[in-house]
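Trainee: The structure file structure24.cif (mmCIF, C-alpha atoms) is provided below.
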```cif
data_upload
loop_
_atom_site.label_atom_id
_atom_site.label_comp_id
_atom_site.auth_asym_id
_atom_site.auth_seq_id
_atom_site.Cartn_x
_atom_site.Cartn_y
_atom_site.Cartn_z
CA MET A 28 39.18 91.18 100.56
CA VAL A 29 38.39 93.79 103.24
CA ASN A 30 35.19 94.76 101.37
CA LEU A 31 34.24 91.10 101.06
CA ILE A 32 34.56 90.61 104.84
CA GLN A 33 32.61 93.77 105.59
CA ASN A 34 29.80 92.80 103.23
CA ALA A 35 29.61 89.34 104.75
CA PHE A 36 29.08 90.82 108.22
CA GLN A 37 26.60 93.40 106.93
CA GLN A 38 24.68 90.80 104.87
CA PRO A 39 24.62 87.60 106.91
CA THR A 40 23.20 85.53 104.05
CA THR A 41 24.35 82.11 102.96
CA CYS A 42 25.79 83.56 99.75
CA ALA A 43 27.73 86.20 101.65
CA ARG A 44 29.11 83.67 104.10
CA ASN A 45 30.11 81.36 101.26
CA ALA A 46 31.83 84.22 99.48
CA LEU A 47 33.74 85.04 102.66
CA LEU A 48 34.87 81.43 103.09
CA LEU A 49 35.92 81.22 99.43
CA GLY A 50 37.86 84.46 99.72
CA LEU A 51 39.64 83.38 102.87
CA CYS A 52 40.53 80.03 101.31
CA CYS A 53 41.96 81.78 98.27
CA LEU A 54 43.94 84.10 100.52
CA GLY A 55 45.25 81.11 102.48
CA SER A 56 46.23 79.33 99.27
CA ALA A 57 48.11 82.37 98.03
CA THR A 58 49.95 82.56 101.32
CA LEU A 59 50.92 78.88 101.19
CA ARG A 60 52.25 79.17 97.65
CA ALA A 61 54.94 81.60 98.77
CA ALA A 62 57.43 80.87 101.52
CA ASP A 63 60.87 81.83 102.80
CA TRP A 64 63.88 79.52 102.46
CA PRO A 65 65.51 80.25 105.84
CA GLN A 66 68.01 77.37 106.12
CA TYR A 67 70.24 75.18 104.02
CA ARG A 68 67.93 73.00 101.90
CA GLY A 69 64.84 74.89 103.11
CA ALA A 70 62.74 75.31 106.21
CA ASN A 71 62.36 71.56 106.77
CA HIS A 72 65.95 70.61 105.84
CA ASP A 73 64.70 68.40 102.99
CA GLY A 74 65.14 70.41 99.77
CA ILE A 75 61.36 70.56 99.28
CA SER A 76 59.35 73.72 98.53
CA SER A 77 55.58 74.10 99.01
CA GLU A 78 55.29 76.74 96.30
CA THR A 79 53.63 76.65 92.88
CA ILE A 80 55.91 77.25 89.91
CA LEU A 81 55.87 77.81 86.16
CA LYS A 82 55.90 74.47 84.38
CA SER A 83 56.37 75.91 80.92
CA TRP A 84 59.55 77.97 80.56
CA PRO A 85 60.48 80.27 77.68
CA ALA A 86 63.16 78.91 75.33
CA SER A 87 65.48 81.63 76.64
CA GLY A 88 64.89 80.50 80.22
CA LEU A 89 63.32 82.03 83.31
CA ARG A 90 63.25 85.81 83.58
CA GLN A 91 66.34 87.08 85.37
CA VAL A 92 65.55 89.42 88.27
CA TRP A 93 69.17 90.21 89.16
CA LYS A 94 72.75 88.96 89.07
CA THR A 95 75.67 89.92 91.32
CA PRO A 96 79.28 88.80 91.96
CA THR A 97 79.80 86.17 94.71
CA ASP A 98 83.48 85.46 95.15
CA SER A 99 84.48 81.82 95.69
CA GLY A 100 83.04 79.06 97.80
CA PHE A 101 80.04 76.75 97.81
CA SER A 102 77.78 78.50 100.28
CA SER A 103 74.14 78.55 99.15
CA PHE A 104 71.51 81.27 99.52
CA THR A 105 68.99 81.47 102.32
CA VAL A 106 66.09 83.89 101.95
CA ALA A 107 63.88 85.48 104.61
CA GLY A 108 62.42 88.89 105.42
CA ASN A 109 63.04 90.27 101.90
CA LYS A 110 66.77 89.55 102.23
CA ALA A 111 69.03 86.88 100.73
CA PHE A 112 72.07 85.70 102.68
CA THR A 113 75.21 83.81 101.71
CA LEU A 114 78.92 83.54 102.56
CA VAL A 115 81.70 84.77 100.26
CA ARG A 116 85.45 85.26 100.31
CA ARG A 117 86.77 88.85 100.25
CA GLN A 118 90.11 90.56 100.46
CA ALA A 119 90.60 93.56 102.74
CA ASP A 120 93.67 95.18 104.31
CA GLY A 121 96.01 92.61 102.82
CA LYS A 122 94.13 89.57 104.15
CA GLU A 123 91.22 87.45 103.04
CA ASP A 124 88.06 87.13 105.11
CA GLU A 125 85.04 84.90 105.20
CA VAL A 126 82.12 87.32 104.91
CA CYS A 127 78.37 86.98 105.41
CA LEU A 128 76.45 89.03 102.86
CA ALA A 129 72.90 90.34 103.09
CA LEU A 130 71.37 91.23 99.72
CA ASP A 131 68.06 92.84 98.88
CA ALA A 132 66.09 89.82 97.67
CA ALA A 133 64.26 91.93 95.09
CA THR A 134 67.25 93.73 93.56
CA GLY A 135 70.43 91.90 94.58
CA LYS A 136 71.79 95.11 96.08
CA GLU A 137 74.23 94.53 98.94
CA LEU A 138 72.74 95.72 102.24
CA TRP A 139 75.58 94.77 104.59
CA ALA A 140 78.66 92.58 104.89
CA ALA A 141 79.93 91.04 108.15
CA THR A 142 83.30 89.36 108.60
CA VAL A 143 83.00 86.00 110.40
CA GLY A 144 86.56 84.67 110.22
CA GLN A 145 89.64 84.03 108.17
CA ALA A 146 89.32 82.79 104.60
CA LYS A 147 92.06 80.20 104.64
CA TYR A 148 91.22 76.74 103.39
CA ASP A 149 92.86 73.43 102.67
CA SER A 150 93.21 72.79 98.94
CA GLY A 151 89.88 71.78 97.48
CA GLY A 152 87.53 72.19 94.58
CA ASP A 153 90.08 71.04 92.00
CA ASP A 154 88.24 69.72 88.96
CA GLY A 155 91.08 70.17 86.50
CA THR A 156 90.04 73.62 85.34
CA LYS A 157 91.88 76.90 85.82
CA GLU A 158 88.92 78.64 87.36
CA ASN A 159 89.78 81.40 89.80
CA ARG A 160 90.68 79.92 93.20
CA GLY A 161 88.63 76.78 92.57
CA GLY A 162 86.54 75.90 95.57
CA ASN A 163 88.67 77.53 98.22
CA GLY A 164 85.95 79.55 99.85
CA PRO A 165 83.11 79.27 102.39
CA ARG A 166 81.11 76.05 102.22
CA SER A 167 78.60 76.62 105.02
CA THR A 168 75.25 78.40 104.53
CA PRO A 169 73.72 80.96 106.95
CA SER A 170 70.43 80.17 108.74
CA VAL A 171 67.82 82.87 109.35
CA ASP A 172 65.20 83.19 112.07
CA GLY A 173 63.26 86.44 112.40
CA ASP A 174 65.72 89.26 113.08
CA ALA A 175 68.69 86.89 113.49
CA VAL A 176 71.19 85.33 111.08
CA TYR A 177 73.26 82.38 112.33
CA VAL A 178 76.61 81.51 110.78
CA LEU A 179 79.02 78.64 111.50
CA SER A 180 82.39 79.69 110.11
CA ALA A 181 85.06 77.53 108.51
CA TYR A 182 86.99 77.57 111.81
CA LEU A 183 83.97 76.73 114.00
CA SER A 184 82.89 80.11 115.31
CA LEU A 185 79.12 80.24 115.71
CA PHE A 186 77.63 83.73 115.27
CA ARG A 187 74.29 85.36 115.75
CA LEU A 188 74.13 88.48 113.56
CA ASP A 189 71.44 91.14 113.44
CA ALA A 190 69.55 90.60 110.19
CA SER A 191 69.08 94.33 109.65
CA SER A 192 72.66 95.47 110.14
CA GLY A 193 75.01 92.47 110.34
CA LYS A 194 76.02 93.50 113.88
CA VAL A 195 77.30 90.62 116.04
CA ILE A 196 74.73 89.86 118.79
CA TRP A 197 76.70 86.96 120.22
CA LYS A 198 79.50 84.63 119.25
CA THR A 199 80.75 81.32 120.62
CA ASP A 200 84.00 79.78 119.49
CA LEU A 201 83.80 75.99 119.43
CA THR A 202 87.59 75.68 119.42
CA SER A 203 88.54 77.97 122.33
CA GLU A 204 85.34 77.78 124.40
CA HIS A 205 84.37 74.16 123.79
CA SER A 206 87.76 72.56 123.05
CA GLY A 207 86.82 71.97 119.42
CA LYS A 208 89.08 70.81 116.64
CA VAL A 209 88.87 71.95 113.01
CA ILE A 210 88.76 69.06 110.54
CA PRO A 211 90.57 68.96 107.16
CA TRP A 212 88.99 71.19 104.49
CA GLN A 213 87.47 73.10 107.41
CA ASN A 214 83.78 73.24 108.27
CA ALA A 215 81.22 72.84 105.48
CA ALA A 216 78.15 72.06 107.61
CA SER A 217 75.46 74.67 108.21
CA PRO A 218 73.88 75.48 111.60
CA VAL A 219 70.45 73.89 111.95
CA LEU A 220 67.65 75.71 113.79
CA ASP A 221 64.69 73.99 115.40
CA GLY A 222 62.55 75.62 118.06
CA ASP A 223 64.77 77.59 120.41
CA LEU A 224 67.94 75.64 119.65
CA ILE A 225 70.80 75.56 117.15
CA PHE A 226 72.44 72.22 116.38
CA VAL A 227 76.05 71.76 115.26
CA ALA A 228 78.64 69.01 115.39
CA GLY A 229 81.66 70.48 117.11
CA ASN A 230 84.27 67.73 117.08
CA VAL A 231 84.91 68.34 120.77
CA PRO A 232 87.81 66.33 122.26
CA LYS A 233 87.99 65.11 125.83
CA ASP A 234 88.02 67.90 128.37
CA LEU A 235 91.26 67.23 130.24
CA ALA A 236 90.47 69.76 132.96
CA THR A 237 87.32 68.03 134.17
CA ASN A 238 87.81 64.60 132.63
CA ALA A 239 84.39 65.04 131.09
CA THR A 240 83.02 62.59 128.54
CA TYR A 241 83.87 63.37 124.94
CA GLN A 242 80.58 64.68 123.46
CA PRO A 243 80.87 66.37 120.07
CA LEU A 244 77.15 66.88 119.27
CA LEU A 245 76.09 70.29 120.53
CA ALA A 246 72.92 72.36 120.96
CA PHE A 247 73.01 76.09 121.74
CA ASN A 248 70.25 78.44 122.84
CA LYS A 249 69.62 80.71 119.90
CA LYS A 250 68.77 83.73 122.07
CA ASP A 251 72.07 84.05 123.95
CA GLY A 252 74.39 81.36 122.56
CA SER A 253 74.59 79.43 125.82
CA LEU A 254 75.15 75.67 125.64
CA ALA A 255 71.84 73.79 126.03
CA TRP A 256 73.23 70.25 125.89
CA LYS A 257 76.00 68.09 124.50
CA SER A 258 75.72 64.51 123.37
CA GLY A 259 77.40 61.71 121.46
CA THR A 260 80.58 59.73 122.09
CA GLN A 261 84.23 59.95 121.18
CA LYS A 262 83.52 58.08 117.94
CA ASP A 263 81.04 60.71 116.73
CA THR A 264 83.60 63.06 115.18
CA MET A 265 82.11 65.74 112.97
CA THR A 266 82.02 65.54 109.17
CA HIS A 267 81.17 68.06 106.44
CA ALA A 268 77.50 66.96 106.46
CA THR A 269 74.76 69.26 107.77
CA PRO A 270 72.49 67.52 110.33
CA VAL A 271 68.73 67.21 109.81
CA ALA A 272 65.95 68.06 112.28
CA THR A 273 62.93 65.84 111.72
CA THR A 274 60.09 63.89 113.33
CA ILE A 275 60.22 60.09 113.23
CA LEU A 276 57.48 57.96 114.81
CA GLY A 277 56.12 61.00 116.63
CA VAL A 278 59.42 62.04 118.23
CA ARG A 279 61.25 65.24 117.27
CA GLN A 280 64.93 64.50 116.74
CA VAL A 281 68.07 65.73 115.04
CA VAL A 282 70.03 63.27 112.93
CA PHE A 283 73.78 63.84 112.72
CA PHE A 284 75.92 62.14 110.06
CA THR A 285 79.20 61.65 111.91
CA GLN A 286 82.36 59.65 111.25
CA SER A 287 80.74 56.76 113.16
CA GLY A 288 77.59 56.92 111.01
CA LEU A 289 74.09 58.22 111.74
CA VAL A 290 73.37 59.34 115.32
CA SER A 291 69.90 60.58 116.24
CA VAL A 292 69.20 62.45 119.48
CA ALA A 293 66.13 64.12 120.98
CA THR A 294 66.10 67.81 120.09
CA GLU A 295 65.13 69.05 123.55
CA SER A 296 67.49 66.96 125.68
CA GLY A 297 70.22 65.48 123.45
CA LYS A 298 69.25 61.97 124.63
CA GLU A 299 70.44 59.39 122.13
CA LEU A 300 67.53 57.67 120.37
CA TRP A 301 69.22 55.45 117.80
CA ARG A 302 72.37 55.05 115.75
CA TYR A 303 73.49 53.30 112.55
CA ALA A 304 77.13 52.47 111.92
CA PHE A 305 78.28 53.65 108.49
CA ARG A 306 81.76 53.62 107.02
CA TYR A 307 83.76 56.85 106.87
CA ASN A 308 86.57 57.58 104.44
CA VAL A 309 88.19 61.02 103.88
CA SER A 310 84.96 63.09 103.88
CA THR A 311 81.21 62.70 104.36
CA ALA A 312 79.32 65.71 103.03
CA ALA A 313 75.74 64.85 101.95
CA SER A 314 72.97 65.22 104.55
CA PRO A 315 70.78 62.28 105.63
CA ILE A 316 67.37 61.92 103.95
CA VAL A 317 64.29 61.03 106.01
CA SER A 318 61.04 59.64 104.58
CA VAL A 319 58.54 58.66 107.27
CA ASP A 320 60.45 55.86 109.07
CA ILE A 321 63.22 55.25 106.51
CA VAL A 322 66.54 57.11 106.64
CA TYR A 323 69.01 57.19 103.74
CA CYS A 324 72.66 58.21 103.84
CA SER A 325 75.55 58.30 101.40
CA ALA A 326 79.19 59.31 101.05
CA GLY A 327 81.86 59.47 98.35
CA TYR A 328 85.42 58.13 98.39
CA ASP A 329 84.23 54.60 97.58
CA VAL A 330 81.90 54.44 100.60
CA GLY A 331 78.47 54.21 98.91
CA SER A 332 74.88 54.40 100.14
CA GLY A 333 72.46 52.69 102.47
CA ALA A 334 69.07 52.94 104.13
CA VAL A 335 67.57 51.86 107.44
CA LYS A 336 64.06 51.41 108.77
CA ILE A 337 63.40 52.92 112.20
CA SER A 338 61.04 51.16 114.63
CA LYS A 339 59.83 52.09 118.11
CA SER A 340 58.54 50.04 121.03
CA GLY A 341 57.48 52.21 123.93
CA ASP A 342 60.27 54.76 124.26
CA THR A 343 62.91 52.53 122.69
CA PHE A 344 64.00 52.94 119.08
CA SER A 345 65.56 50.22 116.95
CA VAL A 346 67.21 50.21 113.52
CA ARG A 347 67.08 47.62 110.74
CA GLU A 348 69.26 47.96 107.67
CA LEU A 349 67.22 47.70 104.47
CA TRP A 350 70.12 47.77 102.01
CA ARG A 351 73.66 48.97 101.50
CA THR A 352 75.52 49.47 98.21
CA PRO A 353 79.28 50.10 98.43
CA GLY A 354 81.37 52.02 95.91
CA ASN A 355 80.98 55.28 94.01
CA LYS A 356 78.31 54.31 91.48
CA VAL A 357 75.48 54.85 93.95
CA SER A 358 76.93 57.59 96.12
CA ASN A 359 76.35 61.27 96.75
CA HIS A 360 79.58 63.21 97.19
CA TRP A 361 77.96 66.33 98.64
CA SER A 362 74.87 66.82 96.44
CA THR A 363 72.01 65.71 98.70
CA PRO A 364 69.00 64.13 96.90
CA VAL A 365 65.31 64.79 97.54
CA VAL A 366 62.61 62.19 98.16
CA LYS A 367 59.06 62.00 96.78
CA ASP A 368 56.63 59.12 97.32
CA GLY A 369 59.43 56.81 98.41
CA TYR A 370 61.76 57.59 95.51
CA LEU A 371 65.10 59.38 95.69
CA TYR A 372 66.01 61.89 92.97
CA GLY A 373 69.48 63.35 92.89
CA LEU A 374 73.00 63.69 91.54
CA PHE A 375 75.03 60.52 92.01
CA GLY A 376 78.69 59.79 91.44
CA PHE A 377 82.10 60.80 92.69
CA LYS A 378 84.35 63.44 91.13
CA GLU A 379 82.51 63.12 87.82
CA TYR A 380 82.69 66.84 87.19
CA GLY A 381 80.45 67.96 84.35
CA LYS A 382 79.14 64.48 83.70
CA CYS A 383 77.86 62.71 86.83
CA PRO A 384 74.29 61.44 86.29
CA PHE A 385 70.93 62.39 87.72
CA LYS A 386 69.29 59.23 89.03
CA CYS A 387 66.08 57.89 90.51
CA LEU A 388 66.36 55.20 93.21
CA GLU A 389 63.72 53.37 95.18
CA MET A 390 64.51 54.45 98.74
CA ALA A 391 63.40 51.22 100.45
CA THR A 392 65.46 48.90 98.23
CA GLY A 393 68.22 50.97 96.62
CA LYS A 394 67.06 49.77 93.19
CA GLU A 395 68.10 52.15 90.40
CA LEU A 396 65.12 52.97 88.19
CA TRP A 397 66.76 55.31 85.72
CA SER A 398 69.88 57.38 85.16
CA SER A 399 70.69 60.31 82.86
CA PRO A 400 74.31 61.54 82.50
CA GLY A 401 75.80 64.98 81.96
CA PHE A 402 75.00 66.96 85.10
CA GLY A 403 78.00 67.08 87.40
CA PRO A 404 77.69 67.66 91.16
CA GLY A 405 75.27 70.53 91.84
CA GLY A 406 71.94 70.64 93.68
CA VAL A 407 68.23 69.85 93.41
CA VAL A 408 64.92 71.19 94.78
CA LEU A 409 61.56 69.37 94.72
CA VAL A 410 58.72 71.81 94.06
CA ASP A 411 55.15 71.49 92.78
CA GLY A 412 55.76 67.89 91.74
CA LYS A 413 58.81 68.87 89.64
CA LEU A 414 62.57 68.82 90.10
CA VAL A 415 64.61 72.00 89.67
CA VAL A 416 68.24 71.03 89.17
CA LEU A 417 71.40 73.15 89.12
CA SER A 418 74.25 71.44 87.24
CA ASP A 419 77.87 72.18 88.07
CA ASP A 420 78.30 74.32 84.91
CA GLY A 421 75.37 76.65 85.71
CA GLN A 422 72.55 74.98 83.78
CA VAL A 423 69.12 75.08 85.44
CA LEU A 424 66.83 72.22 84.43
CA LEU A 425 63.19 71.36 85.06
CA LEU A 426 62.55 67.62 85.31
CA GLU A 427 59.59 65.39 86.00
CA ALA A 428 59.65 63.66 89.39
CA ASN A 429 58.60 60.37 87.81
CA PRO A 430 60.07 56.99 88.80
CA GLN A 431 59.07 55.47 85.45
CA ALA A 432 61.39 57.49 83.22
CA PHE A 433 63.70 60.50 82.97
CA LYS A 434 61.89 63.43 81.37
CA GLU A 435 63.43 66.86 80.84
CA LEU A 436 60.93 69.68 80.50
CA ALA A 437 63.19 72.73 80.18
CA ARG A 438 66.73 74.04 80.67
CA PHE A 439 68.75 77.22 80.33
CA LYS A 440 72.20 78.59 81.16
CA ALA A 441 71.70 80.57 84.36
CA ILE A 442 75.17 81.57 85.62
CA ASP A 443 78.88 81.22 84.97
CA GLY A 444 81.39 79.67 87.34
CA LYS A 445 81.51 76.40 89.21
CA CYS A 446 78.15 75.55 90.80
CA TRP A 447 78.61 73.05 93.58
CA ASN A 448 75.94 74.95 95.52
CA ALA A 449 72.38 73.94 96.39
CA PRO A 450 69.67 76.16 94.83
CA ALA A 451 67.09 77.97 96.97
CA LEU A 452 63.45 78.71 96.14
CA ALA A 453 61.58 81.44 98.00
CA ASN A 454 58.53 83.60 97.37
CA GLY A 455 58.29 82.78 93.70
CA LYS A 456 62.00 83.29 93.04
CA LEU A 457 64.81 80.82 92.30
CA TYR A 458 68.22 81.71 93.76
CA VAL A 459 71.39 80.10 92.42
CA ARG A 460 75.08 80.86 92.82
CA SER A 461 78.55 79.74 91.83
CA THR A 462 82.16 80.53 92.64
CA LYS A 463 81.73 83.70 90.54
CA GLU A 464 78.16 85.01 90.75
CA GLY A 465 74.74 84.68 92.28
CA ALA A 466 71.44 85.24 90.47
CA CYS A 467 67.72 85.38 91.05
CA PHE A 468 65.05 84.24 88.56
CA GLU A 469 61.26 84.52 88.44
CA ILE A 470 59.84 81.00 88.81
CA GLY A 471 56.51 81.50 90.61
CA ALA A 472 53.28 80.61 88.79
CA ASN A 473 51.52 83.82 89.81
#
```
Reformat the file's structure so that it appears as structure tokens.
Mentor:
Amino acid sequence: MVNLIQNAFQQPTTCARNALLLGLCCLGSATLRAADWPQYRGANHDGISSETILKSWPASGLRQVWKTPTDSGFSSFTVAGNKAFTLVRRQADGKEDEVCLALDAATGKELWAATVGQAKYDSGGDDGTKENRGGNGPRSTPSVDGDAVYVLSAYLSLFRLDASSGKVIWKTDLTSEHSGKVIPWQNAASPVLDGDLIFVAGNVPKDLATNATYQPLLAFNKKDGSLAWKSGTQKDTMTHATPVATTILGVRQVVFFTQSGLVSVATESGKELWRYAFRYNVSTAASPIVSVDIVYCSAGYDVGSGAVKISKSGDTFSVRELWRTPGNKVSNHWSTPVVKDGYLYGLFGFKEYGKCPFKCLEMATGKELWSSPGFGPGGVVLVDGKLVVLSDDGQVLLLEANPQAFKELARFKAIDGKCWNAPALANGKLYVRSTKEGACFEIGAN
């Protein structure tokens, strides 16, 4: 490429200039095909990758790059700067800790481990098996930005760690410093980065000292951990769902899925833009899904799903419910779907371990177009027009993203253990993990 550029300058002919433009376009395309996966469900919080992948897999499955133990929990991988990050549960000095791991993304070798809190959890993850410690482990996923790794622990401590060493740069405790309250099953939401801010729902009760308004939606400055703003009302108690930063009708906003329903606020100021009341029961864990001006949300425990259309007149937003379906048949327990061309693709059902179906729904109407059983709650990524699905028993499948019919293209057994974790796709590699192990596979087309 350097020679091509030099020749173009030395030979200012039409052919040389065309060759330069073609070369630069090819270089740009190669760059776009590979990307980091720096946050839970990807850079844009939507489970969608811009990469190009293999569409024909060997019968034995994708080539394994590495595999390593990952003890307990449902934390997913994030990948950036040639490192993969996740949270695990480890025992040391007679106690169990929640630990952030940094692995070499190319080899799986552990680079550092940083303790971020106690590993003590309410009973969870019971699917009737005798698997080691079930799901009693970390459920949040680290976020990465340049030389920083951000972690929100089970007990609501927000950390900035040095990505090279794991050293704590700053820490803020939402319970002691912001009067937070830990919810049952502890925190499962991941910190969301957008611009210079980090967004979390802190479940902050009324400040009795100052009689301040109860505002549980929080934004922190990522550089020093200082509070940038707080928003919401007493009804907006945190859930296990990770918020989503997005742009709707030209306005950048972060959508929280709280116990009151969906609450959207401006990213820079925390000003409330719109809200949608949605029933809460026991736990809400799947993130909202945004497609242009339609927002979808869902919860288990017999709550169901629904979608709203967002409108804007001047600076004022309004919400119109498009549909709502109660019950567990059309619900996402914690496995968040993806959306393509107005159609939702994902794992639906409640506590149907090993058998819950993969479905396609029309997002604007809630109409079910097809359903295929036998997956169990896992995770899904949309990439290169295809769906890469991780089932709860460690199967990785390649499916068509086609609203007309279910079509399986490939599958293989990737890992052992319980896989209630979302997969990650970065720089031509697929990263999956379970309560026992994490693994990396070659999936890139080049």
Trainee: On this file, the PyMOL selection byres ((chain A and resi 425) around 9) gives some set of residues; write that set as number ranges by chain.
Mentor: A: 82, 84, 413-416, 423-424, 426-427, 434-438
Trainee: Would you work out the distance separating atom CA of A:Gly229 from atom CA of A:Val178, expressed in Å to one decimal?
Mentor: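 Taking atom CA of A:Gly229 and atom CA of A:Val178, their separation equals 13.7 Å.
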Trainee: Would you translate the PyMOL selection byres ((chain A and resi 275) around 12) into the concrete set of residues it matches in this file, as a PyMOL selection string?
Mentor: chain A and resi 271-274+276-282+291-294+300-301+316-322+336-339+344-345
Trainee: Mind dumping the selected residues with C-alpha atoms as a JSON list (two decimals), in the frame of the given file?
Mentor:
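So result18.json came out as:
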```
[["chain", "number", "residue", "atom", "x", "y", "z"],
["A", 271, "VAL", "CA", 68.73, 67.21, 109.81],
["A", 272, "ALA", "CA", 65.95, 68.06, 112.28],
["A", 273, "THR", "CA", 62.93, 65.84, 111.72],
["A", 274, "THR", "CA", 60.09, 63.89, 113.33],
["A", 276, "LEU", "CA", 57.48, 57.96, 114.81],
["A", 277, "GLY", "CA", 56.12, 61.00, 116.63],
["A", 278, "VAL", "CA", 59.42, 62.04, 118.23],
["A", 279, "ARG", "CA", 61.25, 65.24, 117.27],
["A", 280, "GLN", "CA", 64.93, 64.50, 116.74],
["A", 281, "VAL", "CA", 68.07, 65.73, 115.04],
["A", 282, "VAL", "CA", 70.03, 63.27, 112.93],
["A", 291, "SER", "CA", 69.90, 60.58, 116.24],
["A", 292, "VAL", "CA", 69.20, 62.45, 119.48],
["A", 293, "ALA", "CA", 66.13, 64.12, 120.98],
["A", 294, "THR", "CA", 66.10, 67.81, 120.09],
["A", 300, "LEU", "CA", 67.53, 57.67, 120.37],
["A", 301, "TRP", "CA", 69.22, 55.45, 117.80],
["A", 316, "ILE", "CA", 67.37, 61.92, 103.95],
["A", 317, "VAL", "CA", 64.29, 61.03, 106.01],
["A", 318, "SER", "CA", 61.04, 59.64, 104.58],
["A", 319, "VAL", "CA", 58.54, 58.66, 107.27],
["A", 320, "ASP", "CA", 60.45, 55.86, 109.07],
["A", 321, "ILE", "CA", 63.22, 55.25, 106.51],
["A", 322, "VAL", "CA", 66.54, 57.11, 106.64],
["A", 336, "LYS", "CA", 64.06, 51.41, 108.77],
["A", 337, "ILE", "CA", 63.40, 52.92, 112.20],
["A", 338, "SER", "CA", 61.04, 51.16, 114.63],
["A", 339, "LYS", "CA", 59.83, 52.09, 118.11],
["A", 344, "PHE", "CA", 64.00, 52.94, 119.08],
["A", 345, "SER", "CA", 65.56, 50.22, 116.95]]
```
Trainee: So which residues get picked by the PyMOL selection byres ((chain A and resi 307) around 6) here, written as number ranges by chain?
Mentor: A: 286, 306, 308
Trainee: With C-alpha atoms retained, export the selected residues as a CSV table (one decimal), keeping the file's coordinate frame.
Mentor:
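File written: part.csv
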```csv
chain,number,residue,atom,x,y,z
A,286,GLN,CA,82.4,59.6,111.2
A,306,ARG,CA,81.8,53.6,107.0
A,308,ASN,CA,86.6,57.6,104.4
```
Trainee: What is the atom CA of A:Ser332 to atom CA of A:Ser102 distance in Å?
Mentor: 24.3 Å
Trainee: May I have the protein, DNA and RNA residues with any atom at most 10 Å from the point (84.1, 77.5, 118.7), counting only C-alpha atoms, written as number ranges by chain?
Mentor: A: 179-180, 182-186, 198-209, 229-231
Trainee: Kindly give the distance, in Å, that separates atom CA of A:Ser192 and atom CA of A:Val176, rounded to a single decimal.
Mentor: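 Atom CA of A:Ser192 sits 10.3 Å away from atom CA of A:Val176.
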